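J.: See data28.txt below, with compact mmCIF, C-alpha atoms.
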```txt
# COMPACT_ATOMS: atom_id res chain seq x y z
CA MET R 1 0.11 50.77 15.15
CA ALA R 2 -0.82 50.69 11.48
CA MET R 3 -4.08 52.38 10.72
CA THR R 4 -7.04 50.46 9.37
CA TYR R 5 -9.89 51.98 7.39
CA GLU R 6 -8.13 55.30 6.94
CA PRO R 7 -10.69 57.80 5.65
CA LEU R 8 -9.52 59.37 2.39
CA ASN R 9 -12.53 61.44 1.37
CA THR R 10 -16.17 61.93 2.19
CA THR R 11 -18.68 63.63 -0.05
CA THR R 12 -21.99 64.72 1.46
CA LEU R 13 -24.38 66.11 -1.11
CA THR R 14 -25.68 69.59 -0.39
CA THR R 15 -27.75 69.51 -3.57
CA ALA R 16 -29.13 66.51 -5.44
CA ALA R 17 -26.81 65.07 -8.05
CA ALA R 18 -26.99 62.47 -10.79
CA THR R 19 -23.48 61.25 -10.02
CA ILE R 20 -21.03 61.28 -7.14
CA SER R 21 -17.32 61.04 -7.82
CA LEU R 22 -14.26 60.45 -5.72
CA ASN R 23 -11.12 61.58 -7.53
CA SER R 24 -7.36 61.64 -6.99
CA ILE R 25 -7.34 58.39 -5.03
CA PRO R 26 -3.80 57.87 -3.74
CA SER R 27 -2.03 54.70 -4.80
CA THR R 28 -0.38 54.11 -1.46
CA TYR R 29 -2.94 51.70 0.02
CA THR R 30 -3.56 48.03 -0.62
CA ASP R 31 -7.35 47.91 -0.72
CA LEU R 32 -10.22 50.37 -0.79
CA VAL R 33 -13.62 50.26 0.88
CA VAL R 34 -16.27 52.66 -0.42
CA VAL R 35 -19.52 53.20 1.49
CA PHE R 36 -22.62 54.92 0.12
CA ASN R 37 -25.61 55.78 2.31
CA GLY R 38 -28.53 57.90 1.18
CA THR R 39 -31.68 58.16 -0.88
CA ASN R 40 -32.57 58.52 -4.53
CA SER R 41 -35.21 60.59 -6.29
CA ALA R 42 -36.02 57.74 -8.66
CA ASN R 43 -36.24 54.00 -8.27
CA SER R 44 -33.00 53.55 -10.18
CA GLU R 45 -30.31 50.92 -10.35
CA SER R 46 -26.90 52.23 -9.40
CA THR R 47 -23.83 52.02 -11.58
CA LEU R 48 -20.13 52.22 -10.90
CA GLN R 49 -17.42 53.46 -13.25
CA VAL R 50 -13.74 53.91 -12.55
CA ASN R 51 -11.18 56.34 -13.92
CA GLY R 52 -13.85 58.04 -16.02
CA ASP R 53 -13.95 54.99 -18.31
CA THR R 54 -17.30 54.96 -20.13
CA ALA R 55 -16.29 52.28 -22.66
CA THR R 56 -17.68 48.74 -22.56
CA ASN R 57 -14.92 47.46 -20.32
CA TYR R 58 -17.11 46.22 -17.48
CA SER R 59 -18.77 42.92 -16.58
CA ALA R 60 -20.71 41.79 -13.54
CA THR R 61 -22.40 38.77 -12.04
CA ILE R 62 -25.13 39.53 -9.52
CA ILE R 63 -27.20 37.48 -7.12
CA ASP R 64 -30.29 39.35 -6.06
CA GLY R 65 -33.21 38.88 -3.67
CA ASN R 66 -36.27 41.13 -3.90
CA GLY R 67 -38.15 39.65 -0.99
CA SER R 68 -40.07 37.08 -3.00
CA SER R 69 -37.60 35.53 -5.42
CA ALA R 70 -33.87 34.98 -5.75
CA THR R 71 -32.25 35.49 -9.14
CA SER R 72 -28.82 35.60 -10.70
CA TYR R 73 -27.73 37.75 -13.60
CA ARG R 74 -24.61 38.19 -15.63
CA TYR R 75 -23.73 41.24 -17.71
CA SER R 76 -20.70 41.47 -19.97
CA THR R 77 -19.19 44.24 -22.10
CA ARG R 78 -21.18 47.01 -20.47
CA SER R 79 -20.23 50.64 -19.96
CA SER R 80 -20.48 50.36 -16.16
CA ILE R 81 -20.87 47.86 -13.35
CA TYR R 82 -24.50 47.46 -12.34
CA THR R 83 -24.67 47.06 -8.58
CA GLN R 84 -28.11 45.47 -8.44
CA VAL R 85 -30.99 44.45 -10.69
CA THR R 86 -33.87 45.98 -8.76
CA GLY R 87 -34.32 49.67 -8.18
CA CYS R 88 -33.24 51.32 -4.98
CA GLY R 89 -36.61 52.59 -3.79
CA THR R 90 -36.95 56.01 -2.23
CA ASP R 91 -36.03 55.30 1.42
CA GLN R 92 -32.53 55.07 2.89
CA TYR R 93 -30.29 52.46 1.32
CA ASN R 94 -26.61 51.64 1.35
CA MET R 95 -23.93 50.14 -0.87
CA ILE R 96 -20.53 48.83 0.17
CA PHE R 97 -17.76 48.33 -2.37
CA HIS R 98 -14.52 46.43 -1.85
CA LEU R 99 -11.65 47.03 -4.25
CA GLN R 100 -8.75 44.76 -3.44
CA ASN R 101 -5.31 45.48 -4.85
CA TYR R 102 -6.72 48.51 -6.66
CA SER R 103 -3.42 50.21 -7.45
CA ASN R 104 -1.59 47.37 -9.16
CA THR R 105 -0.77 47.82 -12.83
CA THR R 106 -0.62 44.13 -13.70
CA THR R 107 -4.13 42.72 -13.37
CA TYR R 108 -7.70 43.58 -14.27
CA LYS R 109 -9.64 44.96 -11.33
CA THR R 110 -12.29 43.04 -9.40
CA ILE R 111 -14.86 45.01 -7.42
CA LEU R 112 -17.12 43.33 -4.86
CA THR R 113 -20.40 45.07 -4.03
CA ARG R 114 -23.17 44.67 -1.50
CA PHE R 115 -26.39 46.53 -2.21
CA ASN R 116 -28.98 46.97 0.53
CA ALA R 117 -32.37 48.64 0.09
CA ALA R 118 -34.85 47.12 2.52
CA SER R 119 -37.77 48.53 0.50
CA LYS R 120 -36.56 46.83 -2.69
CA GLY R 121 -33.99 44.07 -2.18
CA THR R 122 -30.47 43.00 -1.43
CA SER R 123 -27.74 41.80 -3.75
CA ALA R 124 -24.13 40.76 -3.97
CA CYS R 125 -22.17 41.55 -7.10
CA VAL R 126 -18.74 40.73 -8.42
CA GLY R 127 -17.71 43.22 -11.04
CA LEU R 128 -14.74 43.30 -13.37
CA TRP R 129 -13.05 46.31 -14.95
CA ARG R 130 -10.92 45.09 -17.82
CA SER R 131 -7.96 47.38 -17.38
CA THR R 132 -4.54 47.00 -15.81
CA SER R 133 -4.46 50.68 -14.83
CA ALA R 134 -4.46 51.63 -11.19
CA ILE R 135 -7.80 52.93 -10.01
CA THR R 136 -7.59 56.66 -9.34
CA SER R 137 -11.25 57.69 -9.36
CA ILE R 138 -14.70 56.24 -8.77
CA THR R 139 -18.04 57.52 -10.08
CA LEU R 140 -21.39 56.36 -8.78
CA GLY R 141 -24.34 56.96 -11.11
CA ASN R 142 -27.95 56.03 -11.83
CA LEU R 143 -28.86 53.73 -14.68
CA SER R 144 -32.49 54.85 -14.98
CA GLY R 145 -32.03 58.53 -14.31
CA GLY R 146 -32.86 60.28 -11.09
CA ASN R 147 -30.55 61.89 -8.57
CA PHE R 148 -28.86 61.01 -5.36
CA ASN R 149 -30.67 63.24 -2.88
CA THR R 150 -29.29 65.95 -0.62
CA GLY R 151 -27.67 64.43 2.44
CA SER R 152 -26.46 61.28 0.67
CA THR R 153 -22.89 60.41 1.55
CA LEU R 154 -20.04 58.59 -0.19
CA THR R 155 -16.92 57.78 1.81
CA ILE R 156 -13.73 56.08 0.69
CA TYR R 157 -11.38 54.31 3.09
CA GLY R 158 -7.88 53.06 2.42
CA ILE R 159 -6.57 49.84 3.95
CA LYS R 160 -2.91 48.96 4.09
CA ALA R 161 -1.64 45.41 4.21
CA ALA R 162 1.39 46.49 6.23
CA MET A 1 -4.94 61.17 12.54
CA GLY A 2 -6.35 58.63 14.97
CA THR A 3 -7.26 55.05 14.17
CA THR A 4 -10.61 54.74 12.51
CA PHE A 5 -11.74 51.14 12.99
CA VAL A 6 -11.91 51.07 16.75
CA LYS A 7 -13.21 48.45 19.13
CA ILE A 8 -15.94 50.01 21.28
CA ALA A 9 -16.95 46.97 23.29
CA THR A 10 -16.93 43.19 23.27
CA ALA A 11 -19.16 40.68 25.02
CA THR A 12 -18.64 36.96 25.58
CA VAL A 13 -21.38 34.74 26.96
CA GLY A 14 -20.44 32.78 30.08
CA SER A 15 -21.39 29.31 31.22
CA GLY A 16 -24.90 30.30 32.26
CA GLY A 17 -25.89 31.47 28.78
CA ALA A 18 -27.56 34.79 28.00
CA ALA A 19 -30.95 35.77 26.63
CA THR A 20 -29.52 38.79 24.85
CA ILE A 21 -26.24 40.56 24.21
CA ASP A 22 -26.52 44.29 24.67
CA PHE A 23 -24.36 47.24 23.75
CA SER A 24 -25.65 50.36 25.48
CA SER A 25 -24.52 53.96 25.79
CA ILE A 26 -22.89 53.68 22.37
CA PRO A 27 -20.69 56.76 21.86
CA GLN A 28 -21.95 59.13 19.19
CA THR A 29 -18.50 60.09 17.99
CA TYR A 30 -18.13 57.65 15.08
CA THR A 31 -19.64 57.63 11.59
CA ASP A 32 -20.43 53.96 11.05
CA LEU A 33 -20.72 50.90 13.28
CA VAL A 34 -19.70 47.31 12.58
CA ILE A 35 -20.77 44.31 14.66
CA LYS A 36 -18.87 41.05 14.39
CA ILE A 37 -20.64 38.04 15.90
CA SER A 38 -19.76 34.41 16.52
CA ALA A 39 -22.83 32.69 17.91
CA ARG A 40 -24.45 29.46 18.94
CA ASN A 41 -27.91 29.20 20.48
CA ASN A 42 -29.52 26.67 22.81
CA GLU A 43 -32.68 26.49 20.70
CA THR A 44 -33.76 22.92 19.98
CA ASP A 45 -33.32 23.09 16.22
CA ASN A 46 -30.75 22.91 13.44
CA GLY A 47 -30.50 26.70 13.32
CA ALA A 48 -31.51 29.68 15.42
CA SER A 49 -32.71 33.08 14.29
CA LEU A 50 -30.27 35.88 15.13
CA ARG A 51 -31.96 39.25 15.56
CA VAL A 52 -30.36 42.65 15.86
CA TYR A 53 -32.42 45.65 16.87
CA PHE A 54 -31.73 49.20 17.91
CA ASN A 55 -32.69 51.36 20.89
CA ASN A 56 -34.92 48.62 22.28
CA ASP A 57 -37.28 48.99 19.31
CA THR A 58 -38.43 45.63 17.97
CA SER A 59 -40.82 47.28 15.54
CA ASN A 60 -40.30 49.69 12.66
CA ILE A 61 -38.12 47.15 10.87
CA ALA A 62 -38.08 46.10 7.24
CA VAL A 63 -35.75 43.38 5.96
CA LYS A 64 -35.14 41.83 2.56
CA GLU A 65 -33.31 38.50 2.84
CA LEU A 66 -31.46 36.52 0.21
CA ARG A 67 -30.95 33.00 1.50
CA ALA A 68 -28.89 30.10 0.21
CA ILE A 69 -29.98 26.89 1.91
CA GLY A 70 -28.09 23.95 0.50
CA SER A 71 -28.80 24.09 -3.23
CA THR A 72 -31.90 26.30 -3.03
CA PRO A 73 -31.72 30.12 -3.13
CA ALA A 74 -34.73 32.07 -1.90
CA SER A 75 -35.70 35.59 -0.90
CA TYR A 76 -38.03 36.82 1.82
CA SER A 77 -39.53 40.06 3.09
CA ILE A 78 -39.49 40.27 6.87
CA THR A 79 -40.85 42.80 9.33
CA TYR A 80 -38.83 41.74 12.35
CA ALA A 81 -35.16 42.30 13.10
CA GLN A 82 -33.76 38.99 11.84
CA ALA A 83 -30.26 39.03 10.38
CA GLY A 84 -30.12 35.34 9.54
CA TYR A 85 -29.46 31.99 11.21
CA VAL A 86 -26.70 30.70 13.42
CA SER A 87 -25.93 27.37 15.03
CA ALA A 88 -28.40 25.81 17.47
CA ASN A 89 -28.13 22.81 19.72
CA GLN A 90 -28.80 20.27 16.98
CA THR A 91 -25.87 21.61 14.96
CA GLU A 92 -22.79 19.47 15.46
CA SER A 93 -20.69 20.37 18.49
CA ASN A 94 -18.30 23.31 18.51
CA VAL A 95 -19.81 24.86 15.39
CA PHE A 96 -20.68 28.54 15.65
CA GLY A 97 -22.38 30.73 13.08
CA THR A 98 -20.76 34.04 12.14
CA ALA A 99 -22.30 37.38 11.24
CA THR A 100 -21.25 40.87 10.24
CA VAL A 101 -23.61 43.83 10.46
CA TYR A 102 -22.57 47.19 8.96
CA ILE A 103 -24.50 50.28 10.03
CA PRO A 104 -23.56 53.48 8.16
CA ASN A 105 -24.34 56.93 9.54
CA TYR A 106 -25.83 55.56 12.75
CA THR A 107 -26.10 59.01 14.39
CA SER A 108 -27.93 60.70 11.51
CA SER A 109 -31.50 62.01 11.69
CA ASN A 110 -32.49 59.83 8.72
CA HIS A 111 -33.90 56.31 8.76
CA LYS A 112 -31.14 53.77 9.39
CA SER A 113 -30.22 51.33 6.63
CA SER A 114 -27.80 48.52 7.37
CA SER A 115 -26.26 45.46 5.77
CA ALA A 116 -25.85 41.96 7.20
CA GLU A 117 -24.09 38.76 6.15
CA ILE A 118 -24.50 35.65 8.23
CA ILE A 119 -23.50 32.04 7.85
CA LEU A 120 -24.54 28.88 9.63
CA PRO A 121 -21.88 26.31 8.70
CA SER A 122 -23.18 22.85 9.46
CA ASN A 123 -23.33 19.36 8.07
CA VAL A 124 -26.96 19.30 9.18
CA GLU A 125 -28.20 22.41 7.39
CA PHE A 126 -25.97 25.06 5.82
CA TYR A 127 -27.44 28.57 5.67
CA SER A 128 -25.94 31.65 4.06
CA VAL A 129 -28.00 34.83 4.34
CA LEU A 130 -27.49 38.32 2.99
CA SER A 131 -29.91 40.97 4.13
CA ALA A 132 -30.83 44.60 3.60
CA ARG A 133 -32.27 46.16 6.72
CA LEU A 134 -34.07 49.42 7.49
CA TRP A 135 -34.99 50.79 10.89
CA SER A 136 -37.55 53.52 10.23
CA SER A 137 -36.49 55.82 13.02
CA THR A 138 -34.81 59.20 12.89
CA SER A 139 -33.20 58.64 16.30
CA ALA A 140 -29.48 58.13 16.62
CA ILE A 141 -28.57 54.57 17.54
CA ASN A 142 -27.35 54.42 21.14
CA GLN A 143 -28.18 50.80 21.97
CA ILE A 144 -27.90 47.54 20.07
CA THR A 145 -29.47 44.26 21.19
CA ILE A 146 -28.57 40.86 19.78
CA ALA A 147 -31.47 38.56 20.46
CA ASN A 148 -33.13 35.37 19.31
CA THR A 149 -36.67 33.99 19.35
CA LEU A 150 -38.86 33.08 22.29
CA SER A 151 -36.97 32.25 25.47
CA TRP A 152 -33.89 30.57 24.01
CA THR A 153 -30.44 31.61 25.17
CA TRP A 154 -27.09 32.26 23.60
CA ALA A 155 -24.60 29.52 24.40
CA GLN A 156 -21.32 29.90 26.23
CA TYR A 157 -18.50 31.36 24.08
CA THR A 158 -20.89 33.29 21.88
CA THR A 159 -19.13 36.61 21.28
CA ALA A 160 -20.03 39.94 19.78
CA THR A 161 -17.73 42.90 19.19
CA LEU A 162 -18.83 46.41 18.31
CA TYR A 163 -16.48 48.61 16.25
CA GLY A 164 -16.69 52.28 15.36
CA ILE A 165 -15.46 53.76 12.06
CA LYS A 166 -14.80 57.46 11.57
CA ASN A 167 -14.93 59.12 8.16
CA SER A 168 -12.53 61.87 9.19
```
Can the structure from this file be put into structure tokens for me?
T.:
Amino acid sequence: MAMTYEPLNTTTLTTAAATISLNSIPSTYTDLVVVFNGTNSANSESTLQVNGDTATNYSATIIDGNGSSATSYRYSTRSSIYTQVTGCGTDQYNMIFHLQNYSNTTTYKTILTRFNAASKGTSACVGLWRSTSAITSITLGNLSGGNFNTGSTLTIYGIKAA
Amino acid sequence: MGTTFVKIATATVGSGGAATIDFSSIPQTYTDLVIKISARNNETDNGASLRVYFNNDTSNIAVKELRAIGSTPASYSITYAQAGYVSANQTESNVFGTATVYIPNYTSSNHKSSSAEIILPSNVEFYSVLSARLWSSTSAINQITIANTLSWTWAQYTTATLYGIKNS
């Protein structure tokens, strides 16, 4: 039976860190699912970069709910994908990323994100990385500074279509 | 390497209906849990609240909802275990709401954050809800209850399946 959600790598922070990276992602899967669960030292928005690209090759459209109002935002030509528009708070929160067809070398890459921090808000984001390169690494960061705290985890799963 | 998205249990409501759907004695050998739900409720309304709580604890919950109701988006802060709305008995026949709940690191000694997406597809009232959820307990999750409000019951053919995901 073909495997689903094959775990490729898990990083569990033993010290606080400003970024978490997953590198050397094999190109042999169809889609990727990346799951973050943890806490942050600052009430920061999270960012996502791929392949170490820090140029303004990213855009995102976000719908966000902070518990009192619903809003929609669009960012273009940024140096990362913003995963939400409110901070993450300081209690446990999670983010789930879907990267379909991540290893193709024909199209730009779309990244779907769900952000969930019950102390701050929830959002859904569609991000775009304007590159036809296959995705080989992912870096999670903090827009407003701060660190991902000890014990935070980032796991990447590969999914094959056949 | 074994399979990593594994069905742990499934429940289907019979002709008599059910007040709750329960998954108990959840094995502690996975990393994350996923619940897939198809539900309809006998509540006399256009939609019924679907609630998911852990270890029989209906307190210690914080939820931020983002709702799309027709053409109006809204957001709410909630202190009970609501995941969104599914079909009720005033929804047209044979229409069931669907939900997915993702619970990472369910055995950890940290508070438990989770994610939910739920849709009530109906010509009467269409709801789409995304929610961020936090159960402020350091206990590992060993029981999950799918409930609704007051004394209403889940209708026949309502199903829920619990999956386990391993990160190694």
J.: Rank R:Thr132, R:Asn116, R:Thr61, R:Thr4 by their smallest atom-to-atom distance to Tyr82 (chain R), using all atoms listed in the file, and report the top residue only.
T.: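 Checking each candidate against Tyr82 (chain R), we get R:Thr61 as the closest.
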J.: Show me, as a compact mmCIF listing (two decimals) with C-alpha atoms, in the frame of the given file, every residue of chain R with an atom at most 10 Å from chain A, counting only C-alpha atoms.
T.:
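The new file out38.txt reads:
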```
# COMPACT_ATOMS: atom_id res chain seq x y z
CA MET R 1 0.11 50.77 15.15
CA ALA R 2 -0.82 50.69 11.48
CA MET R 3 -4.08 52.38 10.72
CA THR R 4 -7.04 50.46 9.37
CA TYR R 5 -9.89 51.98 7.39
CA GLU R 6 -8.13 55.30 6.94
CA PRO R 7 -10.69 57.80 5.65
CA LEU R 8 -9.52 59.37 2.39
CA ASN R 9 -12.53 61.44 1.37
CA THR R 10 -16.17 61.93 2.19
CA VAL R 35 -19.52 53.20 1.49
CA PHE R 36 -22.62 54.92 0.12
CA ASN R 37 -25.61 55.78 2.31
CA GLY R 38 -28.53 57.90 1.18
CA THR R 39 -31.68 58.16 -0.88
CA ILE R 63 -27.20 37.48 -7.12
CA ASP R 64 -30.29 39.35 -6.06
CA GLY R 65 -33.21 38.88 -3.67
CA ASN R 66 -36.27 41.13 -3.90
CA GLY R 67 -38.15 39.65 -0.99
CA SER R 68 -40.07 37.08 -3.00
CA SER R 69 -37.60 35.53 -5.42
CA ALA R 70 -33.87 34.98 -5.75
CA THR R 71 -32.25 35.49 -9.14
CA SER R 72 -28.82 35.60 -10.70
CA ASP R 91 -36.03 55.30 1.42
CA GLN R 92 -32.53 55.07 2.89
CA TYR R 93 -30.29 52.46 1.32
CA ASN R 94 -26.61 51.64 1.35
CA MET R 95 -23.93 50.14 -0.87
CA ILE R 96 -20.53 48.83 0.17
CA ARG R 114 -23.17 44.67 -1.50
CA PHE R 115 -26.39 46.53 -2.21
CA ASN R 116 -28.98 46.97 0.53
CA ALA R 117 -32.37 48.64 0.09
CA ALA R 118 -34.85 47.12 2.52
CA SER R 119 -37.77 48.53 0.50
CA LYS R 120 -36.56 46.83 -2.69
CA GLY R 121 -33.99 44.07 -2.18
CA THR R 122 -30.47 43.00 -1.43
CA SER R 123 -27.74 41.80 -3.75
CA ALA R 124 -24.13 40.76 -3.97
CA GLY R 151 -27.67 64.43 2.44
CA THR R 153 -22.89 60.41 1.55
CA LEU R 154 -20.04 58.59 -0.19
CA THR R 155 -16.92 57.78 1.81
CA ILE R 156 -13.73 56.08 0.69
CA TYR R 157 -11.38 54.31 3.09
```
J.: For a test of reading the model, state the distance in Å between CA of Tyr80 (chain A) and CA of Ser139 (chain A), rounded to one decimal.
T.: 18.2 Å
J.: So, counting all atoms listed in the file, which residue among A:Ala160, A:Ala9, A:Val52, A:Leu120 is closest to Asn148 (chain A)?
T.: A:Val52
J.: Between CA of Thr31 (chain A) and CA of Asn51 (chain R), what distance in Å does the model show, to one decimal?
T.: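 Atom-to-atom, CA of Thr31 (chain A) to CA of Asn51 (chain R), that is 26.9 Å.
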J.: Interatomic distance between CA of Lys160 (chain R) and CA of Val34 (chain R)?
T.: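 One can read the CA of Lys160 (chain R) to CA of Val34 (chain R) distance as 14.6 Å.
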J.: Between R:Asn57, R:Phe148, R:Asn101, R:Thr12, single out the one closest to Ser80 (chain R), counting only C-alpha atoms.
T.: R:Asn57
J.: Counting all atoms listed in the file, figure out which residue out of R:Val126, R:Ser133, R:Ala42, R:Arg78 gets nearest to Ala17 (chain R).
T.: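 Answer, going by the shortest atom-to-atom distance: R:Ala42.
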J.: Could you name the residues that touch Glu43 (chain A) at 6 Å or less, counting only C-alpha atoms, but leaving out those on the same chain fewer than 2 positions away, as a JSON list (two decimals) with C-alpha atoms, in the frame of the given file?
T.:
```json
[["chain", "number", "residue", "atom", "x", "y", "z"],
["A", 41, "ASN", "CA", -27.91, 29.20, 20.48],
["A", 45, "ASP", "CA", -33.32, 23.09, 16.22],
["A", 88, "ALA", "CA", -28.40, 25.81, 17.47],
["A", 89, "ASN", "CA", -28.13, 22.81, 19.72],
["A", 152, "TRP", "CA", -33.89, 30.57, 24.01]]
```
J.: For a quick check of understanding, using only C-alpha atoms, which of A:Thr98, A:Ser137, A:Ser128, A:Ser93 has the smallest distance to Ala39 (chain A)?
T.: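 Among the listed residues, A:Thr98 lies closest to Ala39 (chain A).
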J.: With distances taken over only C-alpha atoms, which of R:Leu32, R:Val50, R:Leu22, R:Ile62 is nearest to Phe97 (chain R)?
T.: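 The closest residue to Phe97 (chain R) is R:Leu32.
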J.: With only C-alpha atoms as the counted atoms, please give the residues lying no more than 10 Å from Gly16 (chain A), apart from itself and same-chain residues fewer than 6 positions off, as a PyMOL selection string.
T.: chain A and resi 153-156
J.: Using only C-alpha atoms, determine which residues lie at most 10 Å from Glu125 (chain A), disregarding the query and same-chain residues fewer than 2 positions distant; provide the list as a PyMOL selection string.
T.: chain A and resi 46-47+69-70+87+90-91+120-123+127
